[in-house]
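To be precise, the following lines are coords.cif, and they hold mmCIF, C-alpha atoms.
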```
data_query
#
loop_
_atom_site.label_atom_id
_atom_site.label_comp_id
_atom_site.auth_asym_id
_atom_site.auth_seq_id
_atom_site.Cartn_x
_atom_site.Cartn_y
_atom_site.Cartn_z
CA MET A 225 13.85 -21.88 5.93
CA ILE A 226 11.34 -20.39 3.49
CA THR A 227 12.56 -17.50 1.38
CA LEU A 228 10.21 -15.68 -0.96
CA ALA A 229 10.21 -12.40 -2.83
CA LEU A 230 7.17 -10.13 -2.57
CA ASP A 231 5.95 -7.25 -4.70
CA PHE A 232 2.75 -5.19 -4.56
CA GLU A 233 1.20 -2.68 -6.92
CA THR A 234 -1.22 -0.14 -5.44
CA ALA A 235 -4.23 1.67 -6.85
CA ASN A 236 -3.35 5.01 -5.26
CA GLU A 237 -1.09 6.59 -2.66
CA ARG A 238 -2.56 4.63 0.25
CA ARG A 239 -0.68 1.58 1.48
CA ASP A 240 -3.97 -0.35 1.90
CA SER A 241 -4.90 -0.02 -1.79
CA ALA A 242 -3.09 -3.08 -3.17
CA CYS A 243 -4.39 -4.03 -6.62
CA ALA A 244 -1.85 -6.74 -7.47
CA VAL A 245 0.62 -9.00 -5.71
CA GLY A 246 3.50 -11.10 -6.98
CA LEU A 247 5.46 -13.75 -5.09
CA ALA A 248 8.50 -15.85 -6.00
CA TRP A 249 9.86 -18.65 -3.81
CA VAL A 250 13.59 -19.36 -3.66
CA ALA A 251 15.13 -22.75 -2.83
CA ASP A 252 18.21 -24.70 -3.88
CA GLY A 253 19.74 -21.70 -5.60
CA ARG A 254 16.83 -20.99 -7.95
CA VAL A 255 13.27 -19.68 -8.19
CA VAL A 256 11.07 -22.72 -7.64
CA ARG A 257 7.58 -21.19 -7.66
CA ARG A 258 5.86 -18.03 -8.87
CA GLU A 259 2.41 -16.57 -8.19
CA SER A 260 0.70 -13.41 -9.43
CA HIS A 261 -2.80 -12.19 -8.54
CA LEU A 262 -4.95 -9.14 -9.10
CA ILE A 263 -6.67 -7.73 -6.01
CA ARG A 264 -9.80 -5.66 -5.66
CA PRO A 265 -8.82 -2.75 -3.36
CA PRO A 266 -11.31 -1.73 -0.64
CA GLU A 267 -11.83 1.60 -2.39
CA MET A 268 -11.97 1.60 -6.17
CA ARG A 269 -10.03 4.83 -6.48
CA PHE A 270 -7.17 4.58 -8.96
CA SER A 271 -4.75 7.47 -9.27
CA PRO A 272 -3.70 8.30 -12.85
CA GLY A 273 -0.03 8.20 -11.84
CA ASN A 274 -0.35 4.68 -10.46
CA ILE A 275 -2.16 3.51 -13.59
CA ARG A 276 0.64 4.94 -15.71
CA VAL A 277 3.14 2.85 -13.73
CA HIS A 278 1.44 -0.56 -13.68
CA GLY A 279 -1.33 -0.28 -16.29
CA ILE A 280 -4.00 -1.81 -14.03
CA LEU A 281 -7.46 -0.28 -14.47
CA PRO A 282 -10.47 -0.44 -12.12
CA ALA A 283 -12.25 -2.69 -14.62
CA ASP A 284 -9.38 -5.19 -14.39
CA VAL A 285 -9.98 -5.80 -10.68
CA ALA A 286 -13.70 -5.11 -10.29
CA ASN A 287 -14.56 -8.81 -10.02
CA ARG A 288 -11.36 -9.97 -8.31
CA PRO A 289 -11.19 -11.11 -4.66
CA GLY A 290 -10.13 -8.72 -1.94
CA PHE A 291 -6.85 -8.54 -0.08
CA ALA A 292 -7.68 -11.01 2.68
CA GLU A 293 -8.88 -13.73 0.31
CA VAL A 294 -5.89 -13.38 -2.01
CA MET A 295 -3.23 -13.25 0.70
CA ALA A 296 -4.59 -15.87 3.12
CA PRO A 297 -2.91 -18.87 1.40
CA PHE A 298 0.48 -17.16 1.52
CA LEU A 299 0.50 -15.90 5.10
CA PRO A 300 2.07 -19.04 6.63
CA ASP A 301 5.05 -18.74 4.29
CA LEU A 302 5.31 -14.98 4.74
CA ALA A 303 5.18 -15.27 8.52
CA GLY A 304 7.45 -18.29 8.73
CA GLY A 305 10.20 -17.24 6.36
CA VAL A 306 12.29 -14.35 5.16
CA ILE A 307 10.70 -11.93 2.70
CA LEU A 308 12.75 -10.38 -0.07
CA ALA A 309 11.53 -7.11 -1.54
CA HIS A 310 13.06 -4.30 -3.58
CA ASN A 311 12.43 -1.20 -1.45
CA ALA A 312 11.06 -3.51 1.22
CA THR A 313 9.59 -0.87 3.52
CA PHE A 314 6.97 -0.17 0.83
CA ASP A 315 5.92 -3.78 0.26
CA ILE A 316 5.98 -4.70 3.95
CA GLY A 317 3.94 -1.56 4.62
CA VAL A 318 1.37 -2.60 2.00
CA LEU A 319 1.14 -6.08 3.51
CA ARG A 320 0.63 -4.77 7.04
CA ALA A 321 -1.82 -2.06 5.96
CA GLY A 322 -3.85 -4.48 3.85
CA LEU A 323 -4.16 -7.00 6.67
CA GLY A 324 -5.03 -4.28 9.15
CA ARG A 325 -7.70 -2.84 6.86
CA ALA A 326 -9.17 -6.33 6.48
CA GLY A 327 -9.30 -6.77 10.27
CA LEU A 328 -6.79 -9.62 10.22
CA PRO A 329 -3.86 -10.11 12.61
CA VAL A 330 -0.52 -8.95 11.26
CA PRO A 331 2.04 -11.71 11.89
CA ASP A 332 5.66 -11.24 12.90
CA LEU A 333 7.62 -10.63 9.71
CA SER A 334 11.27 -10.76 8.70
CA TYR A 335 12.62 -9.18 5.54
CA LEU A 336 15.75 -8.30 3.59
CA CYS A 337 15.67 -5.35 1.21
CA THR A 338 17.32 -6.14 -2.13
CA VAL A 339 17.92 -2.43 -2.78
CA GLN A 340 20.32 -2.49 0.18
CA VAL A 341 21.76 -5.78 -1.06
CA ALA A 342 22.36 -4.38 -4.55
CA ARG A 343 24.00 -1.22 -3.23
CA ARG A 344 26.62 -3.34 -1.49
CA VAL A 345 27.07 -6.18 -3.97
CA PHE A 346 26.25 -4.58 -7.35
CA PRO A 347 26.82 -0.83 -6.94
CA ALA A 348 26.78 1.47 -9.95
CA PRO A 349 26.59 5.24 -10.53
CA GLU A 350 23.22 4.85 -12.25
CA GLY A 351 21.64 3.57 -9.03
CA CYS A 352 20.00 0.41 -7.83
CA GLY A 353 16.42 0.57 -9.02
CA LEU A 354 14.96 -2.82 -9.83
CA GLY A 355 15.12 -2.37 -13.60
CA LYS A 356 18.66 -1.01 -13.51
CA VAL A 357 20.04 -3.82 -11.35
CA ALA A 358 18.22 -6.47 -13.38
CA ARG A 359 19.62 -5.02 -16.60
CA ARG A 360 23.17 -5.07 -15.22
CA LEU A 361 22.73 -8.72 -14.23
CA GLY A 362 21.08 -9.76 -17.49
CA ILE A 363 17.73 -10.55 -15.84
CA THR A 364 14.88 -10.29 -18.35
CA PHE A 365 11.47 -9.34 -16.91
CA GLU A 366 8.43 -7.11 -17.46
CA HIS A 367 8.88 -4.22 -15.03
CA HIS A 368 5.89 -3.16 -12.86
CA ASP A 369 4.08 -6.44 -13.32
CA ALA A 370 3.91 -7.65 -9.71
CA GLY A 371 4.76 -11.26 -10.51
CA GLU A 372 7.62 -10.25 -12.79
CA ASP A 373 8.99 -7.78 -10.25
CA ALA A 374 8.96 -10.44 -7.51
CA TYR A 375 10.81 -12.79 -9.83
CA ALA A 376 13.46 -10.16 -10.63
CA CYS A 377 13.85 -9.40 -6.93
CA ALA A 378 14.42 -13.09 -6.18
CA ARG A 379 16.96 -13.37 -9.01
CA ILE A 380 18.90 -10.36 -7.66
CA ALA A 381 19.10 -12.00 -4.22
CA LEU A 382 20.28 -15.25 -5.79
CA ALA A 383 22.94 -13.42 -7.80
CA ALA A 384 24.14 -11.67 -4.63
CA MET A 385 24.28 -14.98 -2.79
CA ALA A 386 26.39 -16.44 -5.57
CA GLU A 387 28.65 -13.37 -5.62
CA THR A 388 29.27 -13.56 -1.85
CA SER A 389 29.29 -17.39 -1.65
CA ALA A 390 26.44 -17.19 0.89
CA GLY A 391 24.41 -20.33 1.46
CA ASP A 392 21.15 -18.52 2.26
CA VAL A 393 19.75 -15.05 2.84
CA HIS A 394 20.94 -14.95 6.44
CA GLY A 395 24.45 -15.74 5.23
CA LEU A 396 24.10 -13.04 2.57
CA ALA A 397 22.94 -10.50 5.16
CA ALA A 398 25.89 -11.34 7.41
CA ALA A 399 28.36 -11.16 4.52
CA ILE A 400 27.34 -7.66 3.46
CA GLY A 401 26.51 -6.22 6.87
CA VAL A 402 22.81 -5.66 6.26
CA PRO A 403 20.67 -7.30 8.95
CA VAL A 404 17.48 -9.20 8.26
CA THR A 405 14.87 -6.85 9.71
CA ALA A 406 12.28 -8.24 12.13
CA VAL A 407 8.91 -6.49 12.37
CA PRO A 408 6.62 -7.43 15.28
CA GLY A 409 3.04 -8.33 14.47
CA GLU A 410 -0.21 -6.74 15.60
CA SER A 411 -3.41 -8.23 16.90
CA ALA A 412 -6.50 -8.27 14.71
CA ARG A 413 -8.64 -5.17 14.41
CA PRO A 414 -12.32 -5.11 13.48
CA ALA A 415 -12.65 -4.90 9.72
CA PRO A 416 -14.93 -2.23 8.26
CA GLY A 417 -18.53 -3.19 8.96
CA ARG A 418 -17.62 -5.96 11.45
CA GLY A 419 -17.47 -6.08 15.20
CA PRO A 420 -17.04 -3.06 17.46
CA ILE A 421 -16.33 0.22 15.75
CA SER A 422 -12.93 1.70 16.57
CA GLY A 423 -10.26 3.87 14.97
CA ARG A 424 -10.11 3.64 11.22
CA ALA A 425 -12.31 0.53 10.96
CA MET A 426 -15.54 2.46 10.43
CA ALA A 427 -16.49 2.02 6.78
CA GLY A 428 -20.21 1.80 6.32
CA PHE A 429 -20.93 3.20 9.78
CA ALA A 430 -23.41 6.05 9.75
CA PRO A 431 -23.37 8.10 12.97
CA PRO A 432 -26.47 9.88 14.18
CA ALA A 433 -27.12 13.30 12.74
CA SER A 434 -25.76 14.96 15.86
CA ALA A 435 -22.39 13.17 15.67
CA SER A 436 -19.41 15.31 14.72
CA LEU A 437 -17.31 14.56 11.67
CA SER A 438 -14.02 16.28 10.92
CA PHE A 439 -11.18 15.68 8.48
CA GLN A 440 -7.61 16.94 8.46
CA MET A 441 -6.58 17.96 4.95
CA ARG A 442 -3.21 18.88 3.42
CA GLY A 443 -2.98 22.24 1.69
CA SER A 444 -1.00 22.94 -1.48
CA THR A 445 1.94 24.26 0.59
CA GLY A 446 1.78 21.47 3.16
CA ASN A 447 -0.34 23.30 5.72
CA ARG A 448 -2.93 21.32 7.67
CA TYR A 449 -6.57 22.40 7.52
CA THR A 450 -9.65 21.04 9.25
CA VAL A 451 -12.88 20.36 7.39
CA THR A 452 -15.93 19.91 9.61
CA VAL A 453 -19.60 19.20 9.06
CA GLU A 454 -21.88 22.10 9.95
CA GLU A 455 -25.56 21.36 10.47
CA ARG A 456 -28.02 23.91 9.14
CA THR A 457 -31.77 23.92 8.82
CA SER A 458 -31.33 23.08 5.14
CA GLY A 459 -29.01 20.20 5.96
CA ALA A 460 -25.30 19.46 6.38
CA VAL A 461 -22.57 21.55 4.76
CA LEU A 462 -18.78 21.37 4.93
CA ARG A 463 -16.62 24.16 6.29
CA CYS A 464 -12.83 24.40 5.98
CA THR A 465 -10.34 26.42 8.02
CA CYS A 466 -8.30 27.36 4.94
CA MET A 467 -8.40 30.98 3.76
CA ALA A 468 -11.01 30.32 1.07
CA GLY A 469 -13.16 28.42 3.55
CA ARG A 470 -13.00 31.27 6.04
CA PHE A 471 -14.59 33.48 3.41
CA GLY A 472 -17.42 31.00 2.92
CA GLN A 473 -16.16 29.50 -0.34
CA ARG A 474 -16.31 25.82 -1.32
CA CYS A 475 -12.56 25.29 -1.36
CA ARG A 476 -10.75 22.42 -3.08
CA HIS A 477 -10.54 20.50 0.23
CA VAL A 478 -14.31 20.56 0.60
CA LYS A 479 -14.85 19.65 -3.04
CA ALA A 480 -12.47 16.71 -2.73
CA LEU A 481 -14.26 15.26 0.29
CA GLU A 482 -17.65 15.73 -1.35
CA VAL A 483 -16.62 13.34 -4.12
CA GLY A 484 -14.69 10.96 -1.87
CA ASP A 485 -11.20 12.00 -3.02
CA ILE A 486 -8.78 11.30 -0.13
CA THR A 487 -5.57 12.22 -1.93
CA ASP A 488 -4.87 15.04 0.56
CA LEU A 489 -6.53 13.45 3.60
CA LEU A 490 -4.08 13.50 6.52
CA SER A 491 -6.30 12.14 9.28
CA ASP A 492 -6.66 8.37 9.44
CA ASN A 493 -10.44 8.31 9.10
CA HIS A 494 -11.05 7.75 5.39
CA SER A 495 -13.80 5.31 6.37
CA ASP A 496 -15.82 8.26 7.73
CA LEU A 497 -16.44 9.30 4.13
CA ALA A 498 -19.30 6.81 3.92
CA ALA A 499 -21.02 8.55 6.81
CA LEU A 500 -20.19 11.95 5.30
CA ALA A 501 -21.76 11.01 1.96
CA LYS A 502 -24.99 10.01 3.72
CA ARG A 503 -25.06 13.27 5.68
CA LEU A 504 -24.53 15.32 2.54
CA ALA A 505 -27.06 13.29 0.55
CA GLY A 506 -29.63 14.06 3.22
CA ALA A 507 -29.02 17.72 2.63
CA ALA A 508 -29.53 17.45 -1.14
#
```
Would you kindly transcribe this structure into structure tokens?
Amino acid sequence: MITLALDFETANERRDSACAVGLAWVADGRVVRRESHLIRPPEMRFSPGNIRVHGILPADVANRPGFAEVMAPFLPDLAGGVILAHNATFDIGVLRAGLGRAGLPVPDLSYLCTVQVARRVFPAPEGCGLGKVARRLGITFEHHDAGEDAYACARIALAAMAETSAGDVHGLAAAIGVPVTAVPGESARPAPGRGPISGRAMAGFAPPASASLSFQMRGSTGNRYTVTVEERTSGAVLRCTCMAGRFGQRCRHVKALEVGDITDLLSDNHSDLAALAKRLAGAA
């Protein structure tokens, strides 16, 4: 049975914005292989907060391969084994979102979260963040480097296996009462710019001038507002249903969409921004 630890770093708040991946394979009670790769995200939008965490800049990944090319060699192992990840729902979510954005099938996946493992095997009042658990176990690594984080995750699982006398991760899961989670796969979707246009896979698609575009945006207090394109004789303009928009002002939601900022975009149609930019450019 293949067991490997997985860690992603993302460029922004979106799960399909992976900019780095780290993997560490476990066998015979030790880490037997490590890989680390930078990834060019589909949108080169890096949030300052994410950069502060991992230190990866747009220039670092500008000439790197995309998600599909980087991850393709590892998919057989990921699909055929058990994935270890610290806060696994995040990393599994990034993997699924990245494959979906690339138009690739998402395989069946099985994972064990080492946060849950640590809470049962190595509990402490300070918590079970990756750095804290690693420090308690004497694991030296460079936190928030994807390859280093995957290595630390693998070492935590190995330490827990030794502590519980488990022969493998399934034995560990059974010993501590945390099941290995199975996630069903999904069929391939058309990638942006390929095949039939559907759902979110619409990057680069420019609808006719009469087509309607609308975006659901999050307000500062969590309210949902709708920004729509209004056609005028002078060209296209954006209108928002927030209070400022109702009084004809260019609110922050409109300004964000005009520059392609999707931080507060709630609707799953970020790829429509390419069409929006063309509509607005025609009005300039």
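Note on the selection: in this file the PyMOL selection byres ((chain A and resi 477-486) around 8) comes out as A:Met441, A:Gly443, A:Val451, A:Leu462, A:Arg463, A:Cys464, A:Arg474, A:Cys475, A:Arg476, A:Thr487, A:Asp488, A:Leu489, A:His494, A:Leu497, A:Ala501, A:Leu504.
Of the residues listed (A:Asp369, A:Glu454, A:Val341, A:Arg276), A:Val341 shows the shortest atom-to-atom separation from Ala399 in chain A; distances use all atoms listed in the file.
Once the PyMOL selection byres ((chain A and resi 404-408) around 9) is applied to the depicted file, the selected set reads Val306, Val330, Pro331, Asp332, Leu333, Ser334, Tyr335, Leu336, Cys337, Val393, His394, Ala397, Ala398, Val402, Pro403, Gly409 and Glu410 of chain A.
If you measure from each of A:Arg456, A:Arg379, A:His368, A:Arg448 to His278 in chain A using only C-alpha atoms, the closest one turns out to be A:His368.
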| task | May I ask for the distance between CA of Cys377 in chain A and CA of Arg238 in chain A, given in Å to one decimal place? | result | 22.8 Å
| task | Name the residues that the PyMOL selection byres ((chain A and resi 382) around 10) pulls out of this structure, and write them as JSON, numbers by chain. | result | {"A": [250, 251, 252, 253, 254, 255, 376, 377, 378, 379, 380, 381, 383, 384, 385, 386, 387, 388, 390, 391, 392, 393, 396]}
| Using only C-alpha atoms, which residue out of A:Glu293, A:Glu237, A:Asp284, A:Asp231 lies closest to Pro272 in chain A? | A:Glu237
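The neighbours of range 343-357 of chain A here are the residues that come within 7 Å of it, using all atoms listed in the file and leaving out any residue fewer than 4 positions away in the same chain; they are A:His310, A:Val339, A:Leu361, A:His367, A:Ala384, A:Ile400.
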Store the residues of this selection in a file with C-alpha atoms, as a tab-separated table (two decimals), in the coordinates of the input.
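File again-v8.tsv, as written:
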```tsv
chain	number	residue	atom	x	y	z
A	310	HIS	CA	13.06	-4.30	-3.58
A	339	VAL	CA	17.92	-2.43	-2.78
A	361	LEU	CA	22.73	-8.72	-14.23
A	367	HIS	CA	8.88	-4.22	-15.03
A	384	ALA	CA	24.14	-11.67	-4.63
A	400	ILE	CA	27.34	-7.66	3.46
```
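Each of A:Leu281, A:Ala374, A:Leu490, A:Ala242 was checked against Ala326 in chain A using only C-alpha atoms; the smallest atom-to-atom distance is that of A:Ala242.
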| task | Have a look at A:Ala309, A:Pro265, A:Phe232, A:Ser260 and name the one nearest to Pro289 in chain A; count all atoms listed in the file. | result | A:Pro265
| In Å, how far is it from CA of Leu500 in chain A to CA of Thr452 in chain A? | 10.0 Å
Incomplete range 260-271 of chain A brought to all heavy atoms, written out as a PDB file, in the frame of the given file:
```pdb
ATOM      1  N   SER A 260       1.078 -14.792  -9.154  1.00  0.00           N
ATOM      2  CA  SER A 260       0.700 -13.410  -9.430  1.00  0.00           C
ATOM      3  C   SER A 260      -0.814 -13.309  -9.414  1.00  0.00           C
ATOM      4  O   SER A 260      -1.500 -14.143 -10.025  1.00  0.00           O
ATOM      5  CB  SER A 260       1.249 -12.980 -10.801  1.00  0.00           C
ATOM      6  OG  SER A 260       0.925 -11.629 -11.060  1.00  0.00           O
ATOM      7  N   HIS A 261      -1.348 -12.318  -8.688  1.00  0.00           N
ATOM      8  CA  HIS A 261      -2.800 -12.190  -8.540  1.00  0.00           C
ATOM      9  C   HIS A 261      -3.210 -10.724  -8.551  1.00  0.00           C
ATOM     10  O   HIS A 261      -2.545  -9.875  -7.949  1.00  0.00           O
ATOM     11  CB  HIS A 261      -3.262 -12.821  -7.220  1.00  0.00           C
ATOM     12  CG  HIS A 261      -2.966 -14.282  -7.111  1.00  0.00           C
ATOM     13  ND1 HIS A 261      -3.805 -15.250  -7.610  1.00  0.00           N
ATOM     14  CD2 HIS A 261      -1.899 -14.925  -6.570  1.00  0.00           C
ATOM     15  CE1 HIS A 261      -3.275 -16.441  -7.372  1.00  0.00           C
ATOM     16  NE2 HIS A 261      -2.122 -16.274  -6.749  1.00  0.00           N
ATOM     17  N   LEU A 262      -4.325 -10.441  -9.205  1.00  0.00           N
ATOM     18  CA  LEU A 262      -4.950  -9.140  -9.100  1.00  0.00           C
ATOM     19  C   LEU A 262      -5.808  -9.100  -7.847  1.00  0.00           C
ATOM     20  O   LEU A 262      -6.349 -10.118  -7.417  1.00  0.00           O
ATOM     21  CB  LEU A 262      -5.807  -8.847 -10.332  1.00  0.00           C
ATOM     22  CG  LEU A 262      -5.057  -8.648 -11.655  1.00  0.00           C
ATOM     23  CD1 LEU A 262      -6.041  -8.490 -12.802  1.00  0.00           C
ATOM     24  CD2 LEU A 262      -4.123  -7.440 -11.567  1.00  0.00           C
ATOM     25  N   ILE A 263      -5.951  -7.913  -7.271  1.00  0.00           N
ATOM     26  CA  ILE A 263      -6.670  -7.730  -6.010  1.00  0.00           C
ATOM     27  C   ILE A 263      -7.659  -6.575  -6.179  1.00  0.00           C
ATOM     28  O   ILE A 263      -7.307  -5.524  -6.751  1.00  0.00           O
ATOM     29  CB  ILE A 263      -5.700  -7.400  -4.863  1.00  0.00           C
ATOM     30  CG1 ILE A 263      -4.681  -8.524  -4.676  1.00  0.00           C
ATOM     31  CG2 ILE A 263      -6.456  -7.135  -3.562  1.00  0.00           C
ATOM     32  CD1 ILE A 263      -3.561  -8.165  -3.705  1.00  0.00           C
ATOM     33  N   ARG A 264      -8.854  -6.769  -5.670  1.00  0.00           N
ATOM     34  CA  ARG A 264      -9.800  -5.660  -5.660  1.00  0.00           C
ATOM     35  C   ARG A 264      -9.557  -4.817  -4.403  1.00  0.00           C
ATOM     36  O   ARG A 264      -9.753  -5.293  -3.289  1.00  0.00           O
ATOM     37  CB  ARG A 264     -11.248  -6.164  -5.646  1.00  0.00           C
ATOM     38  CG  ARG A 264     -12.272  -5.050  -5.832  1.00  0.00           C
ATOM     39  CD  ARG A 264     -13.695  -5.575  -5.732  1.00  0.00           C
ATOM     40  NE  ARG A 264     -14.669  -4.620  -6.205  1.00  0.00           N
ATOM     41  CZ  ARG A 264     -15.098  -3.553  -5.525  1.00  0.00           C
ATOM     42  NH1 ARG A 264     -14.630  -3.323  -4.320  1.00  0.00           N
ATOM     43  NH2 ARG A 264     -15.985  -2.732  -6.059  1.00  0.00           N
ATOM     44  N   PRO A 265      -9.083  -3.570  -4.547  1.00  0.00           N
ATOM     45  CA  PRO A 265      -8.820  -2.750  -3.360  1.00  0.00           C
ATOM     46  C   PRO A 265     -10.126  -2.370  -2.669  1.00  0.00           C
ATOM     47  O   PRO A 265     -11.201  -2.357  -3.295  1.00  0.00           O
ATOM     48  CB  PRO A 265      -8.112  -1.516  -3.925  1.00  0.00           C
ATOM     49  CG  PRO A 265      -8.511  -1.461  -5.355  1.00  0.00           C
ATOM     50  CD  PRO A 265      -8.749  -2.875  -5.794  1.00  0.00           C
ATOM     51  N   PRO A 266     -10.074  -2.059  -1.377  1.00  0.00           N
ATOM     52  CA  PRO A 266     -11.310  -1.730  -0.640  1.00  0.00           C
ATOM     53  C   PRO A 266     -12.007  -0.494  -1.181  1.00  0.00           C
ATOM     54  O   PRO A 266     -13.217  -0.359  -1.047  1.00  0.00           O
ATOM     55  CB  PRO A 266     -10.829  -1.544   0.803  1.00  0.00           C
ATOM     56  CG  PRO A 266      -9.361  -1.333   0.707  1.00  0.00           C
ATOM     57  CD  PRO A 266      -8.892  -2.068  -0.496  1.00  0.00           C
ATOM     58  N   GLU A 267     -11.251   0.425  -1.751  1.00  0.00           N
ATOM     59  CA  GLU A 267     -11.830   1.600  -2.390  1.00  0.00           C
ATOM     60  C   GLU A 267     -11.370   1.612  -3.840  1.00  0.00           C
ATOM     61  O   GLU A 267     -10.177   1.578  -4.108  1.00  0.00           O
ATOM     62  CB  GLU A 267     -11.372   2.881  -1.685  1.00  0.00           C
ATOM     63  CG  GLU A 267     -11.840   2.973  -0.245  1.00  0.00           C
ATOM     64  CD  GLU A 267     -11.141   4.096   0.497  1.00  0.00           C
ATOM     65  OE1 GLU A 267     -10.264   4.749  -0.114  1.00  0.00           O
ATOM     66  OE2 GLU A 267     -11.458   4.307   1.668  1.00  0.00           O
ATOM     67  N   MET A 268     -12.305   1.668  -4.743  1.00  0.00           N
ATOM     68  CA  MET A 268     -11.970   1.600  -6.170  1.00  0.00           C
ATOM     69  C   MET A 268     -11.559   2.975  -6.694  1.00  0.00           C
ATOM     70  O   MET A 268     -12.132   3.507  -7.645  1.00  0.00           O
ATOM     71  CB  MET A 268     -13.145   1.027  -6.947  1.00  0.00           C
ATOM     72  CG  MET A 268     -13.408  -0.441  -6.652  1.00  0.00           C
ATOM     73  SD  MET A 268     -12.114  -1.514  -7.316  1.00  0.00           S
ATOM     74  CE  MET A 268     -12.580  -1.516  -9.044  1.00  0.00           C
ATOM     75  N   ARG A 269     -10.545   3.525  -6.057  1.00  0.00           N
ATOM     76  CA  ARG A 269     -10.030   4.830  -6.480  1.00  0.00           C
ATOM     77  C   ARG A 269      -8.614   4.626  -7.013  1.00  0.00           C
ATOM     78  O   ARG A 269      -7.683   4.351  -6.261  1.00  0.00           O
ATOM     79  CB  ARG A 269     -10.021   5.821  -5.321  1.00  0.00           C
ATOM     80  CG  ARG A 269      -9.497   7.201  -5.712  1.00  0.00           C
ATOM     81  CD  ARG A 269      -9.619   8.175  -4.559  1.00  0.00           C
ATOM     82  NE  ARG A 269      -8.768   7.790  -3.450  1.00  0.00           N
ATOM     83  CZ  ARG A 269      -7.481   8.092  -3.342  1.00  0.00           C
ATOM     84  NH1 ARG A 269      -6.857   8.754  -4.303  1.00  0.00           N
ATOM     85  NH2 ARG A 269      -6.796   7.716  -2.274  1.00  0.00           N
ATOM     86  N   PHE A 270      -8.458   4.766  -8.320  1.00  0.00           N
ATOM     87  CA  PHE A 270      -7.170   4.580  -8.960  1.00  0.00           C
ATOM     88  C   PHE A 270      -6.600   5.929  -9.378  1.00  0.00           C
ATOM     89  O   PHE A 270      -7.240   6.676 -10.111  1.00  0.00           O
ATOM     90  CB  PHE A 270      -7.301   3.681 -10.188  1.00  0.00           C
ATOM     91  CG  PHE A 270      -7.353   2.207  -9.872  1.00  0.00           C
ATOM     92  CD1 PHE A 270      -8.423   1.672  -9.185  1.00  0.00           C
ATOM     93  CD2 PHE A 270      -6.323   1.373 -10.265  1.00  0.00           C
ATOM     94  CE1 PHE A 270      -8.478   0.311  -8.893  1.00  0.00           C
ATOM     95  CE2 PHE A 270      -6.363   0.013  -9.974  1.00  0.00           C
ATOM     96  CZ  PHE A 270      -7.444  -0.520  -9.284  1.00  0.00           C
ATOM     97  N   SER A 271      -5.409   6.226  -8.888  1.00  0.00           N
ATOM     98  CA  SER A 271      -4.750   7.470  -9.270  1.00  0.00           C
ATOM     99  C   SER A 271      -4.147   7.336 -10.667  1.00  0.00           C
ATOM    100  O   SER A 271      -3.564   6.297 -10.985  1.00  0.00           O
ATOM    101  CB  SER A 271      -3.650   7.813  -8.274  1.00  0.00           C
ATOM    102  OG  SER A 271      -4.191   8.061  -6.989  1.00  0.00           O
TER     103      SER A 271
END
```
